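Q: The following block contains the structure, expressed as structure tokens.
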Amino acid sequence: AAYNTANSAGGGSSVNTYINMTMTGAISSPYIGVSRFYPPANVTINTVYANLSAAATSGNFTFIIKKNGTSIGNTFTIPTNQTIMPPMTINVNLVTTDYLTLDVNGANATDLFVRIKYINT
């Protein structure tokens with residue numbers, strides 16, 4: 001699957017802003033992400049949203065977010081036959097030299113869209 005990242009414009013310290021990370025096309029598990037997202041400022045990630053364009057039918061679709069190559073400690077799951085993951089609250093601090101990647105585990109699916117909400121710190 002192709003892997004792309006994008007970031008919306010930065011905001012003030014109390015303004016919610018989003019990182020959009022996408023994997024388009026057929027996603028075969030396991031997939032180790034190599035594309036990196038670097039934050040535009042020091043930030044705190046507080047919520048992760050995710051959806052698929054086509055649900056996994058052979059099991060749960062799971063992914064992890066890595067900070068500098070190490071899992072942030074959460075496994076994110078979109079249940080079998082579902083396309084939307086309930087929002088998950090997290091608390092991860094990043095500085096401008098940190099980077100994020102995505103790894104996919106579990107079932108195969110199509111088009112992963114991950115939206116990560118953060119505030120500048």
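To be explicit about the labels: the chains of the structure tokens are called A, B, and onward in the order shown, and within each one the residues are counted from 1, while ligands get numbers from 1 in the order they are shown.
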For A:Gly69, work out the shell of residues within 8 Å, counting only C-alpha atoms and skipping chain neighbours fewer than 3 positions away, then give it as an MDAnalysis selection string.
A: chainID A and resid 66 100:101
Q: Which residues are close to stretch 23-26 of chain A, i.e. within 12 Å by only C-alpha atoms, leaving aside same-chain residues fewer than 6 positions away? Reply as number ranges by chain.
A: A: 1-6, 32-35, 50-56, 63, 101-104, 107-115
Q: Using only C-alpha atoms, pick whichever of A:Gln82, A:Val95, A:Thr62, A:Val48 has the shortest atom-to-atom distance to A:Ser28.
A: A:Thr62
Q: State, in Å with one decimal place, the distance from atom CA of A:Thr97 to atom CA of A:Thr47.
A: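 We find that atom CA of A:Thr97 and atom CA of A:Thr47 lie 20.8 Å from each other.
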Q: Measure the distance from atom CA of A:Ile27 to atom CA of A:Pro79 in Å and round it to one decimal.
A: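 A separation of 15.5 Å between them.
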Q: So, counting only C-alpha atoms, which residue among A:Thr57, A:Asn120, A:Thr17, A:Asn46 is closest to A:Thr83?
A: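 Smallest distance to A:Thr83 is found for A:Thr57.
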Q: So which one's closest to A:Ser71, A:Tyr99, A:Tyr38, A:Tyr118, A:Tyr18? Using only C-alpha atoms, please.
A: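 When distances to A:Ser71 are compared using only C-alpha atoms, the smallest one comes from A:Tyr99.
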Q: As a PyMOL selection string, which residues of chain A does DSSP assign to strand (DSSP E)?
A: chain A and resi 2-7+17-27+31-32+43-54+61-67+70-78+84-94+100-106+109-120
